[in-house]
file query_7.pdb (PDB, C-alpha atoms and all ligand atoms)
ATOM      1  CA  MET A   1      78.937  87.897 104.218
ATOM      2  CA  MET A   2      82.249  86.294 103.397
ATOM      3  CA  LYS A   3      83.308  89.363 101.449
ATOM      4  CA  HIS A   4      82.240  91.643 104.233
ATOM      5  CA  GLU A   5      84.267  89.732 106.790
ATOM      6  CA  LYS A   6      87.315  89.735 104.608
ATOM      7  CA  SER A   7      87.478  93.408 103.971
ATOM      8  CA  VAL A   8      86.714  94.416 107.532
ATOM      9  CA  ILE A   9      89.352  92.211 108.997
ATOM     10  CA  PHE A  10      91.956  93.101 106.476
ATOM     11  CA  VAL A  11      91.485  96.737 107.366
ATOM     12  CA  ALA A  12      91.975  95.735 110.988
ATOM     13  CA  GLY A  13      95.247  94.116 110.030
ATOM     14  CA  LEU A  14      96.672  97.296 108.623
ATOM     15  CA  SER A  15      95.094 100.055 110.632
ATOM     16  CA  LEU A  16      97.081  99.325 113.716
ATOM     17  CA  THR A  17      96.351 102.399 115.723
ATOM     18  CA  LEU A  18      92.634 102.212 115.145
ATOM     19  CA  VAL A  19      92.468  98.593 116.108
ATOM     20  CA  LEU A  20      94.523  99.033 119.212
ATOM     21  CA  ALA A  21      92.599 102.074 120.301
ATOM     22  CA  GLY A  22      89.385 100.138 119.961
ATOM     23  CA  CYS A  23      90.156  96.941 121.758
ATOM     24  CA  SER A  24      92.282  97.415 124.810
ATOM     25  CA  VAL A  25      89.553  97.526 127.410
ATOM     26  CA  ASP A  26      88.700  93.855 127.749
ATOM     27  CA  ASP A  27      89.049  92.489 131.203
ATOM     28  CA  GLU A  28      89.764  88.825 130.927
ATOM     29  CA  GLY A  29      90.546  88.303 134.603
ATOM     30  CA  GLU A  30      87.075  87.098 135.466
ATOM     31  CA  ASP A  31      87.098  84.261 133.036
ATOM     32  CA  ASP A  32      88.286  81.142 134.756
ATOM     33  CA  ASP A  33      89.335  79.518 131.498
ATOM     34  CA  THR A  34      92.168  81.925 131.018
ATOM     35  CA  THR A  35      93.866  81.021 134.272
ATOM     36  CA  HIS A  36      94.301  77.271 134.023
ATOM     37  CA  THR A  37      97.692  76.124 132.893
ATOM     38  CA  GLY A  38      97.771  73.006 135.036
ATOM     39  CA  GLU A  39      98.243  70.564 132.203
ATOM     40  CA  ASN A  40     101.891  71.317 131.688
ATOM     41  CA  GLY A  41     102.544  71.343 135.423
ATOM     42  CA  GLN A  42     103.505  75.000 135.412
ATOM     43  CA  ALA A  43     100.400  76.546 136.867
ATOM     44  CA  ASP A  44     101.265  79.759 138.614
ATOM     45  CA  PRO A  45      99.354  80.454 141.805
ATOM     46  CA  GLU A  46      99.900  84.191 141.403
ATOM     47  CA  GLU A  47      98.624  84.131 137.898
ATOM     48  CA  GLU A  48      95.571  86.222 138.566
ATOM     49  CA  ALA A  49      97.486  88.962 140.311
ATOM     50  CA  SER A  50      98.202  90.825 137.122
ATOM     51  CA  GLY A  51      97.056  89.507 133.748
ATOM     52  CA  SER A  52      99.794  90.919 131.541
ATOM     53  CA  MET A  53     102.722  90.333 133.902
ATOM     54  CA  ASP A  54     102.069  86.636 133.688
ATOM     55  CA  TYR A  55     101.949  86.414 129.937
ATOM     56  CA  ALA A  56     105.724  86.284 129.578
ATOM     57  CA  GLU A  57     106.060  83.338 131.917
ATOM     58  CA  GLU A  58     103.075  81.553 130.469
ATOM     59  CA  MET A  59     104.695  81.886 127.067
ATOM     60  CA  ASP A  60     108.122  80.875 128.396
ATOM     61  CA  TYR A  61     109.461  84.163 127.025
ATOM     62  CA  GLU A  62     109.040  82.743 123.553
ATOM     63  CA  ILE A  63     108.061  84.536 120.376
ATOM     64  CA  VAL A  64     106.917  82.084 117.720
ATOM     65  CA  GLY A  65     108.658  82.828 114.425
ATOM     66  CA  ILE A  66     108.678  81.185 110.998
ATOM     67  CA  ASP A  67     111.428  79.849 108.698
ATOM     68  CA  PRO A  68     114.852  81.297 109.565
ATOM     69  CA  GLY A  69     115.421  82.676 106.046
ATOM     70  CA  ALA A  70     112.272  84.788 105.999
ATOM     71  CA  GLY A  71     112.870  88.523 106.031
ATOM     72  CA  ILE A  72     110.494  88.939 108.960
ATOM     73  CA  MET A  73     112.865  86.914 111.150
ATOM     74  CA  GLY A  74     115.565  89.554 110.585
ATOM     75  CA  ASN A  75     113.075  92.244 111.575
ATOM     76  CA  ALA A  76     112.143  90.237 114.671
ATOM     77  CA  GLU A  77     115.785  89.939 115.730
ATOM     78  CA  GLN A  78     116.207  93.667 115.247
ATOM     79  CA  MET A  79     113.044  94.199 117.283
ATOM     80  CA  MET A  80     114.481  92.232 120.212
ATOM     81  CA  GLU A  81     117.470  94.572 120.241
ATOM     82  CA  ASP A  82     115.401  97.717 119.759
ATOM     83  CA  TYR A  83     113.168  96.902 122.725
ATOM     84  CA  ASP A  84     115.841  95.231 124.907
ATOM     85  CA  LEU A  85     113.942  91.983 125.094
ATOM     86  CA  ASP A  86     116.990  90.150 126.442
ATOM     87  CA  GLU A  87     115.012  87.489 128.242
ATOM     88  CA  TRP A  88     112.935  86.582 125.230
ATOM     89  CA  ASN A  89     113.705  83.999 122.543
ATOM     90  CA  LEU A  90     112.685  84.026 118.938
ATOM     91  CA  GLN A  91     111.699  80.477 118.073
ATOM     92  CA  SER A  92     112.097  79.655 114.388
ATOM     93  CA  SER A  93     109.632  77.230 112.851
ATOM     94  CA  SER A  94     107.585  77.513 109.667
ATOM     95  CA  GLU A  95     104.430  79.319 108.663
ATOM     96  CA  ALA A  96     102.430  76.110 109.135
ATOM     97  CA  ALA A  97     103.893  75.433 112.590
ATOM     98  CA  MET A  98     103.406  79.063 113.617
ATOM     99  CA  ILE A  99      99.766  78.880 112.546
ATOM    100  CA  SER A 100      99.137  75.660 114.444
ATOM    101  CA  SER A 101     100.714  77.093 117.624
ATOM    102  CA  LEU A 102      98.557  80.170 117.173
ATOM    103  CA  GLU A 103      95.393  78.145 116.673
ATOM    104  CA  GLU A 104      96.146  75.908 119.621
ATOM    105  CA  ALA A 105      96.692  78.928 121.870
ATOM    106  CA  ILE A 106      93.446  80.495 120.655
ATOM    107  CA  GLU A 107      91.590  77.262 121.279
ATOM    108  CA  ASN A 108      92.751  77.354 124.917
ATOM    109  CA  GLU A 109      92.610  81.142 125.220
ATOM    110  CA  GLU A 110      96.261  81.182 126.153
ATOM    111  CA  PRO A 111      98.699  84.000 125.446
ATOM    112  CA  ILE A 112     100.911  83.740 122.363
ATOM    113  CA  VAL A 113     103.041  86.143 120.330
ATOM    114  CA  VAL A 114     103.872  85.296 116.717
ATOM    115  CA  THR A 115     105.617  86.991 113.836
ATOM    116  CA  GLY A 116     102.761  87.836 111.498
ATOM    117  CA  TRP A 117     102.119  89.630 108.241
ATOM    118  CA  SER A 118      99.425  90.942 105.943
ATOM    119  CA  PRO A 119      97.952  90.069 103.568
ATOM    120  CA  HIS A 120      97.131  86.815 105.351
ATOM    121  CA  TRP A 121      93.990  84.781 105.973
ATOM    122  CA  LYS A 122      94.787  84.462 109.688
ATOM    123  CA  PHE A 123      93.251  87.922 110.131
ATOM    124  CA  ILE A 124      90.107  86.689 108.415
ATOM    125  CA  SER A 125      89.721  83.536 110.465
ATOM    126  CA  HIS A 126      90.787  84.819 113.880
ATOM    127  CA  ASP A 127      90.489  87.968 115.990
ATOM    128  CA  LEU A 128      94.085  89.132 116.038
ATOM    129  CA  LYS A 129      95.918  92.393 116.468
ATOM    130  CA  TYR A 130      99.357  93.733 115.685
ATOM    131  CA  LEU A 131     101.306  94.999 118.676
ATOM    132  CA  ASP A 132     102.182  98.639 118.306
ATOM    133  CA  ASP A 133     105.781  99.105 117.158
ATOM    134  CA  PRO A 134     106.926 102.628 118.077
ATOM    135  CA  GLU A 135     110.556 101.825 117.162
ATOM    136  CA  LEU A 136     109.452 100.674 113.691
ATOM    137  CA  SER A 137     111.547  97.515 113.934
ATOM    138  CA  PHE A 138     109.108  95.977 111.457
ATOM    139  CA  GLY A 139     109.084  99.063 109.253
ATOM    140  CA  GLU A 140     106.027 100.696 107.786
ATOM    141  CA  ALA A 141     103.557  99.578 105.136
ATOM    142  CA  GLU A 142     105.392  97.972 102.229
ATOM    143  CA  ASP A 143     105.072  97.224  98.548
ATOM    144  CA  ILE A 144     105.444  93.846  96.880
ATOM    145  CA  HIS A 145     107.622  94.042  93.761
ATOM    146  CA  THR A 146     108.060  91.970  90.627
ATOM    147  CA  LEU A 147     111.695  91.248  89.713
ATOM    148  CA  VAL A 148     113.027  89.651  86.536
ATOM    149  CA  ARG A 149     116.464  88.534  85.398
ATOM    150  CA  GLU A 150     118.532  90.646  83.048
ATOM    151  CA  GLY A 151     117.795  89.779  79.451
ATOM    152  CA  PHE A 152     114.310  88.520  80.246
ATOM    153  CA  GLN A 153     112.662  91.233  78.193
ATOM    154  CA  ASP A 154     114.650  90.270  75.079
ATOM    155  CA  ASP A 155     114.002  86.562  75.508
ATOM    156  CA  PHE A 156     110.342  86.705  76.528
ATOM    157  CA  PRO A 157     108.906  90.108  75.562
ATOM    158  CA  GLU A 158     105.284  88.986  75.932
ATOM    159  CA  ALA A 159     105.762  87.602  79.445
ATOM    160  CA  TYR A 160     107.759  90.701  80.334
ATOM    161  CA  GLU A 161     104.858  92.876  79.309
ATOM    162  CA  ILE A 162     102.352  90.860  81.313
ATOM    163  CA  LEU A 163     104.546  90.885  84.424
ATOM    164  CA  ASP A 164     105.145  94.588  83.964
ATOM    165  CA  ASN A 165     101.383  95.202  83.783
ATOM    166  CA  PHE A 166     100.581  92.885  86.693
ATOM    167  CA  HIS A 167      99.124  94.893  89.549
ATOM    168  CA  TRP A 168      96.533  93.913  92.152
ATOM    169  CA  THR A 169      95.397  94.576  95.696
ATOM    170  CA  ALA A 170      95.715  92.882  99.063
ATOM    171  CA  GLY A 171      91.978  92.148  98.886
ATOM    172  CA  ASP A 172      92.561  90.227  95.641
ATOM    173  CA  MET A 173      95.352  88.146  97.110
ATOM    174  CA  GLU A 174      93.332  87.441 100.240
ATOM    175  CA  GLU A 175      90.496  85.997  98.193
ATOM    176  CA  ILE A 176      92.879  83.304  96.970
ATOM    177  CA  MET A 177      94.490  82.839 100.384
ATOM    178  CA  TYR A 178      91.112  82.461 102.011
ATOM    179  CA  GLU A 179      90.200  79.569  99.739
ATOM    180  CA  LEU A 180      93.618  77.973 100.239
ATOM    181  CA  ASN A 181      92.932  77.938 103.930
ATOM    182  CA  GLU A 182      89.534  76.380 103.301
ATOM    183  CA  GLY A 183      91.401  73.469 101.738
ATOM    184  CA  VAL A 184      90.909  74.428  98.086
ATOM    185  CA  ASP A 185      93.860  73.509  95.850
ATOM    186  CA  GLU A 186      96.014  76.567  95.078
ATOM    187  CA  PHE A 187      95.429  76.400  91.318
ATOM    188  CA  GLU A 188      91.708  75.998  91.749
ATOM    189  CA  ALA A 189      91.622  78.943  94.150
ATOM    190  CA  ALA A 190      93.723  81.000  91.723
ATOM    191  CA  GLN A 191      91.527  80.013  88.780
ATOM    192  CA  ASN A 192      88.419  81.034  90.731
ATOM    193  CA  TRP A 193      89.927  84.439  91.331
ATOM    194  CA  ILE A 194      90.878  84.774  87.646
ATOM    195  CA  ASP A 195      87.351  83.812  86.575
ATOM    196  CA  GLU A 196      85.860  86.428  88.868
ATOM    197  CA  ASN A 197      88.326  89.121  87.827
ATOM    198  CA  GLU A 198      88.566  88.784  84.072
ATOM    199  CA  ASP A 199      88.654  92.540  83.600
ATOM    200  CA  VAL A 200      91.667  92.886  85.894
ATOM    201  CA  VAL A 201      93.514  90.026  84.216
ATOM    202  CA  SER A 202      92.750  91.256  80.718
ATOM    203  CA  SER A 203      94.174  94.665  81.632
ATOM    204  CA  TRP A 204      97.507  92.836  82.030
ATOM    205  CA  THR A 205      97.267  90.715  78.891
ATOM    206  CA  GLU A 206      95.438  92.984  76.473
ATOM    207  CA  GLY A 207      97.308  93.460  73.205
ATOM    208  CA  VAL A 208      99.969  90.909  74.179
ATOM    209  CA  ASP A 209     100.597  88.143  71.645
ATOM    210  CA  GLU A 210     100.233  84.530  72.685
ATOM    211  CA  VAL A 211     103.286  82.255  72.510
ATOM    212  CA  ASP A 212     103.789  78.576  71.868
ATOM    213  CA  GLY A 213     105.030  76.735  74.950
ATOM    214  CA  ASP A 214     108.012  78.918  75.857
ATOM    215  CA  PRO A 215     109.365  77.819  79.268
ATOM    216  CA  ILE A 216     109.487  80.277  82.158
ATOM    217  CA  GLU A 217     110.738  79.652  85.667
ATOM    218  CA  ILE A 218     109.291  81.613  88.560
ATOM    219  CA  VAL A 219     110.867  81.312  92.003
ATOM    220  CA  HIS A 220     108.860  81.775  95.163
ATOM    221  CA  GLY A 221     108.982  81.379  98.936
ATOM    222  CA  GLN A 222     107.116  78.809 100.975
ATOM    223  CA  TRP A 223     104.617  81.274 102.462
ATOM    224  CA  GLU A 224     100.980  81.231 101.471
ATOM    225  CA  THR A 225     101.267  84.831 100.324
ATOM    226  CA  ASP A 226     103.676  83.661  97.632
ATOM    227  CA  LEU A 227     101.834  80.464  96.838
ATOM    228  CA  SER A 228      98.602  82.294  96.115
ATOM    229  CA  SER A 229     100.150  84.982  93.919
ATOM    230  CA  VAL A 230     102.487  82.685  92.006
ATOM    231  CA  SER A 231      99.740  80.132  91.293
ATOM    232  CA  MET A 232      97.633  82.940  89.895
ATOM    233  CA  ILE A 233     100.328  84.459  87.683
ATOM    234  CA  ALA A 234     101.397  80.986  86.487
ATOM    235  CA  LEU A 235      97.850  80.303  85.280
ATOM    236  CA  VAL A 236      97.686  83.664  83.532
ATOM    237  CA  LEU A 237     100.998  83.044  81.757
ATOM    238  CA  GLU A 238     100.025  79.488  80.851
ATOM    239  CA  ASP A 239      96.820  80.777  79.354
ATOM    240  CA  MET A 240      99.000  82.985  77.141
ATOM    241  CA  GLY A 241     100.898  79.922  75.953
ATOM    242  CA  TYR A 242     103.839  79.762  78.384
ATOM    243  CA  ASP A 243     105.007  76.614  80.091
ATOM    244  CA  VAL A 244     105.537  77.826  83.661
ATOM    245  CA  ASP A 245     107.698  76.140  86.224
ATOM    246  CA  MET A 246     107.174  77.250  89.837
ATOM    247  CA  THR A 247     110.220  76.608  92.019
ATOM    248  CA  LEU A 248     110.121  76.816  95.789
ATOM    249  CA  VAL A 249     113.363  78.154  97.308
ATOM    250  CA  GLU A 250     114.667  79.839 100.458
ATOM    251  CA  ALA A 251     114.147  83.599 100.521
ATOM    252  CA  ASN A 252     117.735  84.581  99.733
ATOM    253  CA  HIS A 253     117.916  82.050  96.908
ATOM    254  CA  MET A 254     115.026  83.709  95.128
ATOM    255  CA  TYR A 255     117.227  86.740  94.739
ATOM    256  CA  THR A 256     120.417  84.945  93.796
ATOM    257  CA  ALA A 257     118.541  82.766  91.289
ATOM    258  CA  ILE A 258     117.241  85.864  89.473
ATOM    259  CA  ALA A 259     120.634  87.585  89.664
ATOM    260  CA  ASN A 260     122.450  84.502  88.282
ATOM    261  CA  GLY A 261     119.902  84.024  85.561
ATOM    262  CA  ASP A 262     118.963  80.585  86.944
ATOM    263  CA  ALA A 263     115.357  81.708  87.222
ATOM    264  CA  ASP A 264     113.362  84.222  85.208
ATOM    265  CA  ALA A 265     111.166  86.071  87.668
ATOM    266  CA  MET A 266     109.779  86.463  91.162
ATOM    267  CA  ILE A 267     106.683  88.370  92.177
ATOM    268  CA  GLY A 268     107.071  88.345  95.968
ATOM    269  CA  SER A 269     109.792  90.876  96.694
ATOM    270  CA  TRP A 270     108.762  92.716  99.877
ATOM    271  CA  LEU A 271     110.312  96.182  99.852
ATOM    272  CA  PRO A 272     111.704  98.446 101.085
ATOM    273  CA  GLY A 273     112.155  96.660 104.416
ATOM    274  CA  THR A 274     111.501  92.938 104.642
ATOM    275  CA  HIS A 275     113.817  91.825 101.846
ATOM    276  CA  GLU A 276     116.111  94.840 101.953
ATOM    277  CA  LEU A 277     119.278  92.861 102.617
ATOM    278  CA  TYR A 278     118.576  90.279  99.933
ATOM    279  CA  TYR A 279     117.600  92.963  97.447
ATOM    280  CA  GLU A 280     120.648  95.146  98.070
ATOM    281  CA  GLN A 281     122.984  92.281  97.279
ATOM    282  CA  VAL A 282     121.600  91.748  93.792
ATOM    283  CA  GLU A 283     120.196  95.167  92.932
ATOM    284  CA  ASP A 284     122.616  95.754  90.065
ATOM    285  CA  ASP A 285     122.083  92.325  88.544
ATOM    286  CA  ILE A 286     118.311  92.193  88.297
ATOM    287  CA  GLU A 287     115.536  94.261  86.785
ATOM    288  CA  ASP A 288     112.930  95.612  89.203
ATOM    289  CA  LEU A 289     109.553  96.055  87.515
ATOM    290  CA  GLY A 290     108.226  97.927  90.544
ATOM    291  CA  PRO A 291     105.302  97.156  92.833
ATOM    292  CA  ASN A 292     102.571  94.693  91.887
ATOM    293  CA  MET A 293     100.865  95.596  95.188
ATOM    294  CA  GLU A 294     101.323  98.995  96.744
ATOM    295  CA  GLY A 295     101.366 100.031 100.375
ATOM    296  CA  GLU A 296      99.281  97.119 101.624
ATOM    297  CA  ALA A 297     101.860  94.682 102.930
ATOM    298  CA  ALA A 298     102.785  94.824 106.602
ATOM    299  CA  LEU A 299     104.728  92.896 109.239
ATOM    300  CA  GLY A 300     104.766  92.787 112.985
ATOM    301  CA  LEU A 301     104.212  90.903 116.194
ATOM    302  CA  VAL A 302     100.692  89.524 116.220
ATOM    303  CA  VAL A 303      98.657  88.406 119.233
ATOM    304  CA  PRO A 304      95.064  87.298 119.814
ATOM    305  CA  GLU A 305      92.672  90.170 120.573
ATOM    306  CA  TYR A 306      91.917  88.755 124.013
ATOM    307  CA  MET A 307      95.444  89.511 125.193
ATOM    308  CA  ASP A 308      95.601  92.563 127.354
ATOM    309  CA  ILE A 309      98.706  94.135 125.798
ATOM    310  CA  ASP A 310      98.894  96.636 122.963
ATOM    311  CA  SER A 311     102.539  97.345 122.276
ATOM    312  CA  ILE A 312     105.835  95.518 121.883
ATOM    313  CA  GLU A 313     106.948  97.722 124.754
ATOM    314  CA  ASP A 314     104.525  95.840 126.990
ATOM    315  CA  LEU A 315     106.632  92.691 126.519
ATOM    316  CA  LYS A 316     109.632  94.521 127.905
ATOM    317  CA  ASP A 317     107.717  95.679 130.950
ATOM    318  CA  GLU A 318     107.024  92.099 131.835
ATOM    319  CA  GLY A 319     110.605  90.939 131.730
TER     320      GLY A 319
HETATM  321  N1  LIG B   1     106.728  86.954 104.640
HETATM  322  C1  LIG B   1     105.738  86.702 103.607
HETATM  323  C2  LIG B   1     107.983  86.839 103.888
HETATM  324  C3  LIG B   1     107.736  87.542 102.630
HETATM  325  C4  LIG B   1     106.329  87.168 102.334
HETATM  326  C5  LIG B   1     106.494  88.256 105.224
HETATM  327  C6  LIG B   1     106.656  85.898 105.645
HETATM  328  C7  LIG B   1     109.286  87.192 104.587
HETATM  329  O1  LIG B   1     110.331  87.143 103.946
HETATM  330  O2  LIG B   1     109.280  87.491 105.788
END
call {"tool": "encode", "arguments": {"input": "query_7.pdb", "output": "C-alpha cells", "more": "lines below"}}
Ligand code: PBE
result
Amino acid sequence: MMKHEKSVIFVAGLSLTLVLAGCSVDDEGEDDDTTHTGENGQADPEEEASGSMDYAEEMDYEIVGIDPGAGIMGNAEQMMEDYDLDEWNLQSSSEAAMISSLEEAIENEEPIVVTGWSPHWKFISHDLKYLDDPELSFGEAEDIHTLVREGFQDDFPEAYEILDNFHWTAGDMEEIMYELNEGVDEFEAAQNWIDENEDVVSSWTEGVDEVDGDPIEIVHGQWETDLSSVSMIALVLEDMGYDVDMTLVEANHMYTAIANGDADAMIGSWLPGTHELYYEQVEDDIEDLGPNMEGEAALGLVVPEYMDIDSIEDLKDEG
C-alpha cells in the first residue's frame, strides 16, 4: 500500500496537465471551514463572494519560498516578472519552514502557494498540485547531474567509476525521502534502500576495486532531496573503503567548491534550468559526469488540491 501510494502520487507530481485536468471541479464554497479567518482579525465579510478572488488577500499576496540561494528562488523571481505579479511577494525561508507553513495551511484548509519540487515526499503525504506554468518560468522536466573536480579521476579512479556509473530513479530517491519524513535517520533510510536494491548498487560497483580509507569530500545542499541522495552515495562509497565527508553548503558554494578543488564531488546538480547560473560560471573548471537521474526532476508553484486555481495566471487575475 505504501508503494502504491508513492508511485501514484509521484506521477501526479510530474504529470501536471493530467492532474490539473482531473481536479479543478471541486466546489469548496459550501464548506464553512474554508471561510473562517477570524483568528488573525482579518476576516473578510465578502469572502464567499468568489473563492479564488479572495485567495490573494487571505495569503497576503505572499508566495512561500525556501532558502534564498536555492535555484528555485531565481525561477520564482523570474516567474513574478513573467506573469506581472507586481503585488505579490516571494518570502524566503527554508525547506523546513516552507513545509511547516504548508502543513499548517492544510490543517486549516487555508490557501497557500509555495515553491515546490519533485522528487519530494510532500506529494506523498499531502494532496498537492503544481500550478500550470504556460510561460515556463520554472522550465521543463530536468535531470540531476553528478559533477566532480578536475583531477578527481586521477586521484580516485575507483570512486570516479562508481560516481560515473551511479544512476537511479525518482522513485528510488523518494523511498529514502519518505522514510526521512517518517523520522528515520538519513543513514538508516539510505541503508534500507541499499539493502533493498543490491542489484542496482552492484551495477555501480561491480568490477571496481576496494580502497583503504581514502578521504573524499562531497558537497550538498540543505534540501532533503540532497540529503537522501548524498547519504546513500556516501554509504556506498564507504562500503568500498572510502572515508566520506559530507559538507553542507549554500547552493552556489557547491559549484565553487568543486571548481576550486576544495571538494571532490556533488551529485545534486539540477540542470539545465535550476542551477543554470551556478553551472555556467564553473563549467570549464569542473567535470560533468552527466545525469544520475533523468527527466524526473521538476519545479513549480505548488498548492493544496482543494484550492480552486489551476495556473500561475490565476494569481495574476486576482491582483
Ligand atoms: N531544490 C532541490 C534545489 C535543488 C534541489 C529544487 C530546492 C534548488 O536549488 O532549488
call {"tool": "closest_atom_pairs", "arguments": {"input": "query_7.pdb", "of": "chain A", "to": "ligand LIG 1 (chain B)", "cutoff": "6 Å", "atoms": "all atoms listed in the file", "output": "tab-separated table"}}
result
residue	atom	partner	partner_atom	distance
A:Ala70	CA	B:LIG1	O1	3.7
A:Gly71	CA	B:LIG1	O1	3.6
A:Ile72	CA	B:LIG1	O2	3.7
A:Trp117	CA	B:LIG1	C5	5.5
A:Trp223	CA	B:LIG1	C1	5.7
A:Thr225	CA	B:LIG1	C1	5.9
A:Trp270	CA	B:LIG1	C3	5.9
A:Thr274	CA	B:LIG1	O1	6.0
call {"tool": "write_last_selection", "arguments": {"input": "query_7.pdb", "atoms": "C-alpha atoms", "output": "compact mmCIF listing (two decimals), in the frame of the given file"}}
result
# COMPACT_ATOMS: atom_id res chain seq x y z
CA ALA A 70 112.27 84.79 106.00
CA GLY A 71 112.87 88.52 106.03
CA ILE A 72 110.49 88.94 108.96
CA TRP A 117 102.12 89.63 108.24
CA TRP A 223 104.62 81.27 102.46
CA THR A 225 101.27 84.83 100.32
CA TRP A 270 108.76 92.72 99.88
CA THR A 274 111.50 92.94 104.64
call {"tool": "resolve_selection", "arguments": {"input": "query_7.pdb", "expression": "the PyMOL selection byres (((chain A and resi 181) around 12) and not hetatm)", "output": "MDAnalysis selection string"}}
result
chainID A and resid 96 99 120:125 174:180 182:186 189 224:225 227:228
call {"tool": "closest_residue", "arguments": {"input": "query_7.pdb", "among": "A:Pro119, A:Gly241, A:Gly171, A:Gly295", "to": "Ala141 (chain A)", "atoms": "only C-alpha atoms"}}
result
A:Gly295
call {"tool": "resolve_selection", "arguments": {"input": "query_7.pdb", "expression": "the PyMOL selection byres (((chain A and resi 234) around 12) and not hetatm)", "output": "ChimeraX atom specification"}}
result
/A:159,162-163,166,186-187,190-191,194,215-220,226-233,235-247,265-267
call {"tool": "write_last_selection", "arguments": {"input": "query_7.pdb", "atoms": "C-alpha atoms", "output": "short mmCIF file (atom, residue, chain, number, x, y, z; two decimals), in the coordinates of the input"}}
result
data_model
loop_
_atom_site.label_atom_id
_atom_site.label_comp_id
_atom_site.auth_asym_id
_atom_site.auth_seq_id
_atom_site.Cartn_x
_atom_site.Cartn_y
_atom_site.Cartn_z
CA ALA A 159 105.76 87.60 79.44
CA ILE A 162 102.35 90.86 81.31
CA LEU A 163 104.55 90.88 84.42
CA PHE A 166 100.58 92.88 86.69
CA GLU A 186 96.01 76.57 95.08
CA PHE A 187 95.43 76.40 91.32
CA ALA A 190 93.72 81.00 91.72
CA GLN A 191 91.53 80.01 88.78
CA ILE A 194 90.88 84.77 87.65
CA PRO A 215 109.36 77.82 79.27
CA ILE A 216 109.49 80.28 82.16
CA GLU A 217 110.74 79.65 85.67
CA ILE A 218 109.29 81.61 88.56
CA VAL A 219 110.87 81.31 92.00
CA HIS A 220 108.86 81.78 95.16
CA ASP A 226 103.68 83.66 97.63
CA LEU A 227 101.83 80.46 96.84
CA SER A 228 98.60 82.29 96.12
CA SER A 229 100.15 84.98 93.92
CA VAL A 230 102.49 82.68 92.01
CA SER A 231 99.74 80.13 91.29
CA MET A 232 97.63 82.94 89.90
CA ILE A 233 100.33 84.46 87.68
CA LEU A 235 97.85 80.30 85.28
CA VAL A 236 97.69 83.66 83.53
CA LEU A 237 101.00 83.04 81.76
CA GLU A 238 100.02 79.49 80.85
CA ASP A 239 96.82 80.78 79.35
CA MET A 240 99.00 82.98 77.14
CA GLY A 241 100.90 79.92 75.95
CA TYR A 242 103.84 79.76 78.38
CA ASP A 243 105.01 76.61 80.09
CA VAL A 244 105.54 77.83 83.66
CA ASP A 245 107.70 76.14 86.22
CA MET A 246 107.17 77.25 89.84
CA THR A 247 110.22 76.61 92.02
CA ALA A 265 111.17 86.07 87.67
CA MET A 266 109.78 86.46 91.16
CA ILE A 267 106.68 88.37 92.18
#
call {"tool": "atom_distance", "arguments": {"input": "query_7.pdb", "atom1": "CA of Glu161 (chain A)", "atom2": "CA of Val208 (chain A)"}}
result
7.4 Å
call {"tool": "atom_distance", "arguments": {"input": "query_7.pdb", "atom1": "CA of Ala105 (chain A)", "atom2": "CA of Tyr306 (chain A)"}}
result
11.1 Å
call {"tool": "resolve_selection", "arguments": {"input": "query_7.pdb", "expression": "the PyMOL selection byres (((chain A and resi 110-115) around 10) and not hetatm)", "output": "ChimeraX atom specification"}}
result
/A:33-37,52,54-66,72-73,75-76,90-92,95,98-99,101-109,116-117,130-131,138,299-308,312,315
call {"tool": "axis_aligned_box", "arguments": {"input": "query_7.pdb", "around": "region 122-127 of chain A", "padding_each_side": "8 Å", "output": "JSON"}}
result
{"center_x": 92.3, "center_y": 85.8, "center_z": 112.2, "size_x": 21.1, "size_y": 20.4, "size_z": 23.6}
call {"tool": "atom_distance", "arguments": {"input": "query_7.pdb", "atom1": "CA of Thr256 (chain A)", "atom2": "CA of Val282 (chain A)"}}
result
6.9 Å
call {"tool": "closest_residue", "arguments": {"input": "query_7.pdb", "among": "A:Glu296, A:Glu206, A:Glu142, A:Glu87", "to": "Gly273 (chain A)", "atoms": "only C-alpha atoms"}}
result
A:Glu142
call {"tool": "residues_near_point", "arguments": {"input": "query_7.pdb", "point": "(117.8, 84.2, 99.3)", "cutoff": "9 Å", "atoms": "only C-alpha atoms", "output": "ChimeraX atom specification"}}
result
/A:69-70,249-257,275,278-279
